[in-house]
$ cat work.pdb   # PDB, C-alpha atoms
ATOM      1  CA  ARG A  46      18.393   4.857  -0.312
ATOM      2  CA  HIS A  47      14.871   4.646  -1.614
ATOM      3  CA  CYS A  48      12.663   2.510  -3.829
ATOM      4  CA  ASP A  49       9.620   3.789  -5.699
ATOM      5  CA  HIS A  50       7.462   2.711  -8.602
ATOM      6  CA  GLY A  51       4.965   4.265 -10.984
ATOM      7  CA  GLU A  52       3.549   7.746 -11.512
ATOM      8  CA  VAL A  53       1.254   9.150  -8.835
ATOM      9  CA  LEU A  54      -2.052  10.443 -10.237
ATOM     10  CA  GLY A  55      -3.656  11.535  -6.974
ATOM     11  CA  THR A  56      -4.540  10.722  -3.385
ATOM     12  CA  TRP A  57      -8.029  10.279  -1.971
ATOM     13  CA  ASP A  58      -8.975  10.397   1.687
ATOM     14  CA  ARG A  59     -12.292   9.179   3.059
ATOM     15  CA  SER A  60     -12.480  12.265   5.301
ATOM     16  CA  VAL A  61     -12.382  14.494   2.187
ATOM     17  CA  PRO A  62     -14.602  12.950  -0.533
ATOM     18  CA  PRO A  63     -13.232  13.562  -4.069
ATOM     19  CA  LYS A  64     -15.096  16.135  -6.156
ATOM     20  CA  ALA A  65     -13.914  14.740  -9.494
ATOM     21  CA  GLY A  66     -12.075  11.812 -11.025
ATOM     22  CA  LEU A  67      -8.374  11.443 -11.798
ATOM     23  CA  GLN A  68      -6.812  12.748 -14.982
ATOM     24  CA  LEU A  69      -4.940   9.978 -16.786
ATOM     25  CA  PRO A  70      -1.776  10.707 -18.793
ATOM     26  CA  SER A  71      -2.437  11.268 -22.510
ATOM     27  CA  ARG A  72      -0.349   8.432 -23.929
ATOM     28  CA  GLY A  73      -1.302   5.980 -26.600
ATOM     29  CA  GLU A  74       0.310   2.813 -25.262
ATOM     30  CA  ALA A  75      -1.399   0.473 -22.810
ATOM     31  CA  ARG A  76      -0.923   1.423 -19.165
ATOM     32  CA  ARG A  77      -1.417  -0.416 -15.912
ATOM     33  CA  PHE A  78      -3.612   1.347 -13.359
ATOM     34  CA  GLU A  79      -2.926   0.581  -9.689
ATOM     35  CA  VAL A  80      -4.820   1.566  -6.533
ATOM     36  CA  LEU A  81      -2.978   1.419  -3.203
ATOM     37  CA  VAL A  82      -5.294   1.122  -0.182
ATOM     38  CA  GLU A  83      -4.079   2.086   3.274
ATOM     39  CA  VAL A  84      -4.908  -0.647   5.792
ATOM     40  CA  THR A  85      -6.130   0.955   9.013
ATOM     41  CA  ALA A  86      -8.529   0.046  11.801
ATOM     42  CA  ARG A  87     -12.261  -0.044  11.208
ATOM     43  CA  ILE A  88     -14.964   1.922  13.005
ATOM     44  CA  ASN A  89     -16.860  -0.384  15.388
ATOM     45  CA  PHE A  90     -19.681   1.933  16.434
ATOM     46  CA  GLY A  91     -22.190   4.386  15.024
ATOM     47  CA  PRO A  92     -23.215   4.828  11.387
ATOM     48  CA  GLY A  93     -19.759   3.862  10.098
ATOM     49  CA  VAL A  94     -19.788   0.339  11.569
ATOM     50  CA  ALA A  95     -20.310  -1.261   8.135
ATOM     51  CA  GLU A  96     -17.653   0.791   6.334
ATOM     52  CA  ARG A  97     -15.929  -0.793   3.359
ATOM     53  CA  LYS A  98     -12.410  -0.310   2.029
ATOM     54  CA  GLY A  99     -10.787  -0.614  -1.341
ATOM     55  CA  LEU A 100     -12.808  -0.530  -4.558
ATOM     56  CA  GLU A 101     -16.461  -0.403  -3.500
ATOM     57  CA  GLY A 102     -17.983  -0.070  -6.965
ATOM     58  CA  ARG A 103     -17.146   0.175 -10.638
ATOM     59  CA  VAL A 104     -14.057   1.952 -11.957
ATOM     60  CA  ALA A 105     -14.511   3.664 -15.316
ATOM     61  CA  ALA A 106     -12.393   5.835 -17.615
ATOM     62  CA  GLY A 107     -13.337   8.106 -20.513
ATOM     63  CA  LEU A 108     -13.067  11.618 -21.938
ATOM     64  CA  ARG A 109     -16.710  12.380 -21.092
ATOM     65  CA  PRO A 110     -19.262  10.700 -18.814
ATOM     66  CA  GLN A 111     -21.078   9.270 -21.838
ATOM     67  CA  ASP A 112     -17.785   7.804 -23.138
ATOM     68  CA  GLU A 113     -16.822   6.042 -19.917
ATOM     69  CA  ARG A 114     -15.809   2.412 -20.108
ATOM     70  CA  GLU A 115     -15.582   0.178 -17.060
ATOM     71  CA  LEU A 116     -12.115  -1.156 -16.192
ATOM     72  CA  LEU A 117     -12.174  -4.878 -15.453
ATOM     73  CA  GLY A 118      -9.704  -7.610 -14.555
ATOM     74  CA  TRP A 119      -8.622  -6.294 -11.158
ATOM     75  CA  GLU A 120      -6.159  -8.223  -9.001
ATOM     76  CA  SER A 121      -5.747  -7.794  -5.239
ATOM     77  CA  ARG A 122      -2.396  -8.465  -3.578
ATOM     78  CA  ALA A 123      -0.367  -7.277  -0.610
ATOM     79  CA  LEU A 124       2.831  -5.276  -0.862
ATOM     80  CA  PRO A 125       6.098  -7.157  -0.184
ATOM     81  CA  MET A 126       6.460  -6.302   3.485
ATOM     82  CA  GLN A 127       8.547  -9.271   4.665
ATOM     83  CA  TRP A 128      12.122  -8.315   5.536
ATOM     84  CA  GLU A 129      13.550 -10.780   3.024
ATOM     85  CA  GLN A 130      11.324  -9.298   0.290
ATOM     86  CA  LEU A 131      12.324  -5.725   1.116
ATOM     87  CA  ALA A 132      15.992  -6.653   0.733
ATOM     88  CA  LEU A 133      15.313  -7.686  -2.892
ATOM     89  CA  LEU A 134      13.731  -4.359  -3.920
ATOM     90  CA  PRO A 135      15.624  -2.271  -6.534
ATOM     91  CA  TRP A 136      17.070   0.285  -4.120
ATOM     92  CA  LYS A 137      18.469   3.552  -5.482
ATOM     93  CA  GLU A 138      20.758   6.147  -3.970
ATOM     94  CA  GLY A 139      19.192   9.311  -2.533
ATOM     95  CA  ALA A 140      17.039  11.515  -4.786
ATOM     96  CA  ALA A 141      14.607  14.387  -4.275
ATOM     97  CA  PRO A 142      11.440  13.197  -2.475
ATOM     98  CA  SER A 143       8.305  12.961  -4.600
ATOM     99  CA  PRO A 144       4.606  12.376  -3.833
ATOM    100  CA  GLY A 145       3.297   8.857  -3.515
ATOM    101  CA  PRO A 146       4.365   5.590  -1.849
ATOM    102  CA  ARG A 147       8.043   4.880  -1.482
ATOM    103  CA  PHE A 148      10.382   2.767   0.629
ATOM    104  CA  TYR A 149      13.394   4.360   2.329
ATOM    105  CA  ARG A 150      16.317   2.532   3.862
ATOM    106  CA  GLY A 151      19.139   3.816   6.023
ATOM    107  CA  ARG A 152      21.771   2.532   8.433
ATOM    108  CA  PHE A 153      23.430   3.746  11.605
ATOM    109  CA  GLU A 154      26.196   2.271  13.709
ATOM    110  CA  LEU A 155      26.590   1.781  17.446
ATOM    111  CA  GLY A 156      30.187   1.852  18.511
ATOM    112  CA  GLY A 157      31.765  -0.773  20.734
ATOM    113  CA  ASP A 158      31.671   1.589  23.726
ATOM    114  CA  GLU A 159      27.951   2.388  23.232
ATOM    115  CA  GLU A 160      25.559   0.207  25.180
ATOM    116  CA  PRO A 161      22.139  -0.449  23.524
ATOM    117  CA  ALA A 162      19.266   1.045  25.505
ATOM    118  CA  ASP A 163      15.528   1.575  25.173
ATOM    119  CA  THR A 164      14.813   4.400  22.764
ATOM    120  CA  TRP A 165      12.057   6.078  20.732
ATOM    121  CA  VAL A 166      12.311   6.440  16.949
ATOM    122  CA  ARG A 167      11.074   9.657  15.308
ATOM    123  CA  VAL A 168      10.888  10.255  11.536
ATOM    124  CA  PRO A 169      10.482  14.016  10.849
ATOM    125  CA  GLY A 170       9.908  14.913   7.200
ATOM    126  CA  PHE A 171       7.739  11.854   6.546
ATOM    127  CA  SER A 172       3.931  11.904   6.346
ATOM    128  CA  ARG A 173       2.418   8.479   6.991
ATOM    129  CA  GLY A 174       3.616   4.894   6.918
ATOM    130  CA  PHE A 175       5.472   2.370   9.049
ATOM    131  CA  VAL A 176       8.974   2.104  10.497
ATOM    132  CA  ALA A 177      10.962  -1.129  10.850
ATOM    133  CA  LEU A 178      14.175  -1.527  12.824
ATOM    134  CA  ASN A 179      16.450  -4.488  12.064
ATOM    135  CA  GLY A 180      13.573  -6.438  10.546
ATOM    136  CA  PHE A 181      11.039  -5.661  13.297
ATOM    137  CA  ASN A 182       8.025  -3.495  12.510
ATOM    138  CA  LEU A 183       7.842  -0.806  15.211
ATOM    139  CA  GLY A 184       4.442   0.472  14.113
ATOM    140  CA  TRP A 185       2.600   3.116  12.102
ATOM    141  CA  HIS A 186       3.728   6.737  12.075
ATOM    142  CA  ARG A 187       1.610   9.805  11.265
ATOM    143  CA  ARG A 188       2.755  13.382  10.781
ATOM    144  CA  GLU A 189      -0.410  14.626  12.535
ATOM    145  CA  GLY A 190       0.361  12.707  15.736
ATOM    146  CA  PRO A 191      -0.517  12.786  18.552
ATOM    147  CA  GLN A 192       2.265  10.202  18.990
ATOM    148  CA  LEU A 193       5.353  11.217  17.000
ATOM    149  CA  THR A 194       7.725   8.503  18.233
ATOM    150  CA  LEU A 195       7.702   4.713  18.173
ATOM    151  CA  TYR A 196       9.108   2.696  21.064
ATOM    152  CA  ALA A 197      12.156   0.563  20.253
ATOM    153  CA  PRO A 198      13.334  -1.709  23.092
ATOM    154  CA  LYS A 199      17.054  -2.187  23.512
ATOM    155  CA  ALA A 200      16.736  -5.845  22.477
ATOM    156  CA  LEU A 201      16.199  -4.683  18.878
ATOM    157  CA  LEU A 202      19.416  -2.666  18.793
ATOM    158  CA  ARG A 203      22.768  -4.295  18.285
ATOM    159  CA  SER A 204      26.352  -3.191  18.477
ATOM    160  CA  GLY A 205      27.654  -2.320  15.055
ATOM    161  CA  LEU A 206      25.409  -1.776  12.026
ATOM    162  CA  ASN A 207      21.652  -1.274  12.425
ATOM    163  CA  GLU A 208      19.163  -0.900   9.563
ATOM    164  CA  VAL A 209      15.979   1.196   9.439
ATOM    165  CA  VAL A 210      13.295   0.902   6.739
ATOM    166  CA  VAL A 211      10.589   3.565   6.424
ATOM    167  CA  PHE A 212       7.559   3.008   4.220
ATOM    168  CA  GLU A 213       6.167   6.380   3.149
ATOM    169  CA  LEU A 214       2.595   6.299   1.873
ATOM    170  CA  LEU A 215       1.878   9.917   0.902
ATOM    171  CA  GLY A 216       5.242  11.577   0.406
ATOM    172  CA  PRO A 217       6.337  14.949   1.812
ATOM    173  CA  PRO A 218       3.963  17.941   1.949
ATOM    174  CA  PRO A 219       3.900  19.987  -1.305
ATOM    175  CA  ALA A 220       5.854  22.847   0.244
ATOM    176  CA  ALA A 221       8.550  20.492   1.531
ATOM    177  CA  ALA A 222       8.724  18.539  -1.746
ATOM    178  CA  ALA A 223       9.407  21.743  -3.680
ATOM    179  CA  SER A 224      12.223  22.726  -1.345
ATOM    180  CA  ALA A 225      15.799  22.069  -2.378
ATOM    181  CA  SER A 226      16.551  20.763   1.116
ATOM    182  CA  ALA A 227      13.607  18.332   1.173
ATOM    183  CA  THR A 228      15.906  15.311   1.301
ATOM    184  CA  LYS A 229      17.723  16.708   4.336
ATOM    185  CA  GLN A 230      14.397  17.261   6.118
ATOM    186  CA  GLN A 231      13.658  13.522   6.079
ATOM    187  CA  LYS A 232      15.460  12.006   9.035
ATOM    188  CA  VAL A 233      15.357   9.100  11.444
ATOM    189  CA  LEU A 234      16.119  10.246  14.990
ATOM    190  CA  LEU A 235      16.615   8.247  18.179
ATOM    191  CA  GLU A 236      14.998  10.050  21.098
ATOM    192  CA  ALA A 237      15.595   9.518  24.808
ATOM    193  CA  ALA A 238      11.889  10.031  25.590
ATOM    194  CA  PRO A 239       8.593   9.926  23.672
ATOM    195  CA  VAL A 240       7.619  13.022  21.690
ATOM    196  CA  TRP A 241       4.027  14.198  21.242
ATOM    197  CA  SER A 242       2.478  16.648  18.801
ATOM    198  CA  GLN A 243       0.090  18.028  21.414
ATOM    199  CA  ASN A 244       0.022  18.665  25.130
ATOM    200  CA  ARG A 245      -0.979  15.390  26.800
ATOM    201  CA  GLY A 246      -2.789  17.229  29.587
ATOM    202  CA  LYS A 247      -5.040  18.937  27.054
ATOM    203  CA  LEU A 248      -5.649  15.630  25.316
ATOM    204  CA  ALA A 249      -6.671  14.019  28.606
ATOM    205  CA  PHE A 250      -9.047  16.909  29.278
ATOM    206  CA  VAL A 251     -10.619  16.528  25.825
ATOM    207  CA  GLN A 252     -11.058  12.796  26.363
ATOM    208  CA  ALA A 253     -12.630  13.418  29.773
ATOM    209  CA  ARG A 254     -15.125  15.799  28.179
ATOM    210  CA  GLU A 255     -15.971  13.160  25.570
ATOM    211  CA  VAL A 256     -16.572  10.582  28.329
ATOM    212  CA  TRP A 257     -18.797  13.036  30.180
ATOM    213  CA  ALA A 258     -20.775  13.785  26.995
ATOM    214  CA  PHE A 259     -21.248  10.034  26.484
ATOM    215  CA  CYS A 260     -22.439   9.587  30.072
ATOM    216  CA  GLN A 261     -24.912  12.417  29.613
ATOM    217  CA  GLN A 262     -26.323  10.641  26.573
ATOM    218  CA  VAL A 263     -26.702   7.181  28.129
ATOM    219  CA  GLY A 264     -27.155   8.232  31.743
ATOM    220  CA  ILE A 265     -24.790   7.945  34.713
ATOM    221  CA  ARG A 266     -26.230   4.695  36.063
ATOM    222  CA  GLN A 267     -26.401   2.978  32.676
ATOM    223  CA  GLY A 268     -22.871   4.150  31.842
ATOM    224  CA  SER A 269     -21.556   2.700  35.107
ATOM    225  CA  GLN A 270     -23.295  -0.611  34.450
ATOM    226  CA  LEU A 271     -21.878  -0.695  30.927
ATOM    227  CA  ALA A 272     -18.360  -0.057  32.280
ATOM    228  CA  CYS A 273     -18.821  -2.884  34.816
ATOM    229  CA  ARG A 274     -19.839  -5.350  32.127
ATOM    230  CA  GLU A 275     -16.951  -4.425  29.842
ATOM    231  CA  LEU A 276     -14.330  -4.586  32.586
ATOM    232  CA  GLN A 277     -15.565  -7.926  33.926
ATOM    233  CA  LYS A 278     -15.596  -9.819  30.619
ATOM    234  CA  CYS A 279     -12.162 -11.256  31.296
ATOM    235  CA  SER A 280     -12.352 -13.639  34.275
ATOM    236  CA  LYS A 281      -8.702 -13.038  35.126
ATOM    237  CA  PHE A 282      -9.411  -9.395  35.931
ATOM    238  CA  LYS A 283     -12.904  -9.661  37.422
ATOM    239  CA  VAL A 284     -11.850  -8.311  40.811
ATOM    240  CA  VAL A 285      -9.793  -5.503  39.338
ATOM    241  CA  GLY A 286     -12.585  -4.732  36.906
ATOM    242  CA  ALA A 287     -15.167  -4.587  39.650
ATOM    243  CA  VAL A 288     -13.045  -2.226  41.740
ATOM    244  CA  ALA A 289     -12.289  -0.013  38.733
ATOM    245  CA  ALA A 290     -15.967   0.080  37.781
ATOM    246  CA  ALA A 291     -16.921   1.050  41.328
ATOM    247  CA  VAL A 292     -14.360   3.851  41.378
ATOM    248  CA  LEU A 293     -15.619   5.020  37.987
ATOM    249  CA  ALA A 294     -19.191   5.034  39.235
ATOM    250  CA  VAL A 295     -18.213   7.112  42.294
ATOM    251  CA  LEU A 296     -16.309   9.595  40.133
ATOM    252  CA  LEU A 297     -19.207   9.951  37.710
ATOM    253  CA  ALA A 298     -21.645  10.473  40.555
ATOM    254  CA  PHE A 299     -19.339  13.088  42.076
ATOM    255  CA  VAL A 300     -19.029  14.936  38.787
ATOM    256  CA  ALA A 301     -22.795  14.877  38.350
ATOM    257  CA  LEU A 302     -23.237  16.238  41.891
ATOM    258  CA  VAL A 303     -20.741  19.059  41.294
ATOM    259  CA  ARG A 304     -22.347  20.045  37.999
ATOM    260  CA  SER A 305     -25.816  20.092  39.540
TER     261      SER A 305
END
$ encode --input "work.pdb" --output "structure tokens"
Amino acid sequence: RHCDHGEVLGTWDRSVPPKAGLQLPSRGEARRFEVLVEVTARINFGPGVAERKGLEGRVAAGLRPQDERELLGWESRALPMQWEQLALLPWKEGAAPSPGPRFYRGRFELGGDEEPADTWVRVPGFSRGFVALNGFNLGWHRREGPQLTLYAPKALLRSGLNEVVVFELLGPPPAAAASASATKQQKVLLEAAPVWSQNRGKLAFVQAREVWAFCQQVGIRQGSQLACRELQKCSKFKVVGAVAAAVLAVLLAFVALVRS
């Protein structure tokens, strides 16, 4: 089942600045214009430390730039994400996926002879959003990865009927949406182990190169001192932090020696 609302006019991403505005439907009656903002983490370093989200400036509409009129009277509110609120949404039986935000709900059953166990939930066919299992939010999923599964401890599973809710923010890719089997491509799978979109060894190597590039910028000694300060902020882990910082300093010095 799914629940959707409204007509999608477009999607903007901060990594790809829009080149033009949105084209509004040519209808005479009054329409309500809504902007859905994805809530993600904020950058806490570099030039993007003061980034803003949502509507940063004026919103205007018009046939030509000289005819634009500012849209006022905006209201800001959160989507109904509580489990009791989701149960009251006007759910519909399966239909072809379409672009834009939508809630999906499905159920699966564990038989009496099946013992609940730790598992990982994967949602192929979806783009971006969150997954909830039996009223518990497992986390945020992204088609790009690198993590393609969400951990679900066995305590969340129960014998008998289990319910999964997927909030889809973007909708399926254009090629998948146009396919007749698009609905069948959207699934919720229980995996025995985590699934990744990329080789974890390569990811670790890339991260190591980024750490080395950072150390080259700030200097080996200053980087080691910075690591010591960060690891020793929590008094509970001062000893562990000091040992880890010392090991890090030795490793950095060894790498510098090898490279020289």
$ resolve_selection --input "work.pdb" --expression "the PyMOL selection byres ((chain A and resi 69) around 12)" --output "list in words"
Glu52, Val53, Leu54, Gly55, Gly66, Leu67, Gln68, Pro70, Ser71, Arg72, Gly73, Ala75, Arg76, Arg77, Phe78, Glu79, Ala105, Ala106, Gly107 and Leu108 of chain A
$ closest_residue --input "work.pdb" --among "A:Ser172, A:Asn207, A:Asn244, A:Gln192" --to "Gln230 in chain A" --atoms "only C-alpha atoms"
A:Ser172
$ atom_distance --input "work.pdb" --atom1 "CA of Asp58 in chain A" --atom2 "CA of Phe212 in chain A"
18.3 Å
$ closest_residue --input "work.pdb" --among "A:Glu101, A:Glu129, A:Glu159, A:Glu236" --to "Thr194 in chain A" --atoms "only C-alpha atoms"
A:Glu236
$ atom_distance --input "work.pdb" --atom1 "CA of Glu213 in chain A" --atom2 "CA of Gly174 in chain A"
4.8 Å
$ resolve_selection --input "work.pdb" --expression "the PyMOL selection byres ((chain A and resi 187) around 6)" --output "mmCIF file with C-alpha atoms, in the frame of the given file"
data_model
loop_
_atom_site.group_PDB
_atom_site.id
_atom_site.type_symbol
_atom_site.label_atom_id
_atom_site.label_comp_id
_atom_site.auth_asym_id
_atom_site.auth_seq_id
_atom_site.Cartn_x
_atom_site.Cartn_y
_atom_site.Cartn_z
ATOM 1 C CA SER A 172 3.931 11.904 6.346
ATOM 2 C CA ARG A 173 2.418 8.479 6.991
ATOM 3 C CA HIS A 186 3.728 6.737 12.075
ATOM 4 C CA ARG A 188 2.755 13.382 10.781
ATOM 5 C CA GLU A 189 -0.410 14.626 12.535
ATOM 6 C CA GLY A 190 0.361 12.707 15.736
#
$ closest_residue --input "work.pdb" --among "A:Ala95, A:Leu234, A:Ala123, A:Val82" --to "Gly170 in chain A" --atoms "all atoms listed in the file"
A:Leu234
$ resolve_selection --input "work.pdb" --expression "the PyMOL selection byres ((chain A and resi 84) around 12)" --output "list in words"
Leu81, Val82, Glu83, Thr85, Ala86, Arg87, Arg97, Lys98, Gly99, Ala123, Leu124, Arg173, Gly174, Phe175, Trp185 and Leu214 of chain A
$ atom_distance --input "work.pdb" --atom1 "CA of Ala253 in chain A" --atom2 "CA of Ala238 in chain A"
25.1 Å
$ residues_around --input "work.pdb" --residues "Asn179 in chain A" --least-positions-apart "6" --cutoff "12 Å" --atoms "all atoms listed in the file" --output "JSON list (two decimals) with C-alpha atoms, in the frame of the given file"
[["chain", "number", "residue", "atom", "x", "y", "z"],
["A", 127, "GLN", "CA", 8.55, -9.27, 4.66],
["A", 128, "TRP", "CA", 12.12, -8.32, 5.54],
["A", 129, "GLU", "CA", 13.55, -10.78, 3.02],
["A", 131, "LEU", "CA", 12.32, -5.72, 1.12],
["A", 132, "ALA", "CA", 15.99, -6.65, 0.73],
["A", 150, "ARG", "CA", 16.32, 2.53, 3.86],
["A", 151, "GLY", "CA", 19.14, 3.82, 6.02],
["A", 152, "ARG", "CA", 21.77, 2.53, 8.43],
["A", 153, "PHE", "CA", 23.43, 3.75, 11.60],
["A", 154, "GLU", "CA", 26.20, 2.27, 13.71],
["A", 197, "ALA", "CA", 12.16, 0.56, 20.25],
["A", 198, "PRO", "CA", 13.33, -1.71, 23.09],
["A", 199, "LYS", "CA", 17.05, -2.19, 23.51],
["A", 200, "ALA", "CA", 16.74, -5.84, 22.48],
["A", 201, "LEU", "CA", 16.20, -4.68, 18.88],
["A", 202, "LEU", "CA", 19.42, -2.67, 18.79],
["A", 203, "ARG", "CA", 22.77, -4.30, 18.28],
["A", 204, "SER", "CA", 26.35, -3.19, 18.48],
["A", 205, "GLY", "CA", 27.65, -2.32, 15.06],
["A", 206, "LEU", "CA", 25.41, -1.78, 12.03],
["A", 207, "ASN", "CA", 21.65, -1.27, 12.42],
["A", 208, "GLU", "CA", 19.16, -0.90, 9.56],
["A", 209, "VAL", "CA", 15.98, 1.20, 9.44],
["A", 210, "VAL", "CA", 13.30, 0.90, 6.74],
["A", 211, "VAL", "CA", 10.59, 3.56, 6.42]]
$ residues_around --input "work.pdb" --residues "Gln231 in chain A" --least-positions-apart "6" --cutoff "7 Å" --atoms "only C-alpha atoms" --output "list in words"
Val168, Pro169, Gly170 and Phe171 of chain A
$ closest_residue --input "work.pdb" --among "A:Trp257, A:Trp119, A:Trp57, A:Phe148" --to "Gly102 in chain A" --atoms "all atoms listed in the file"
A:Trp119
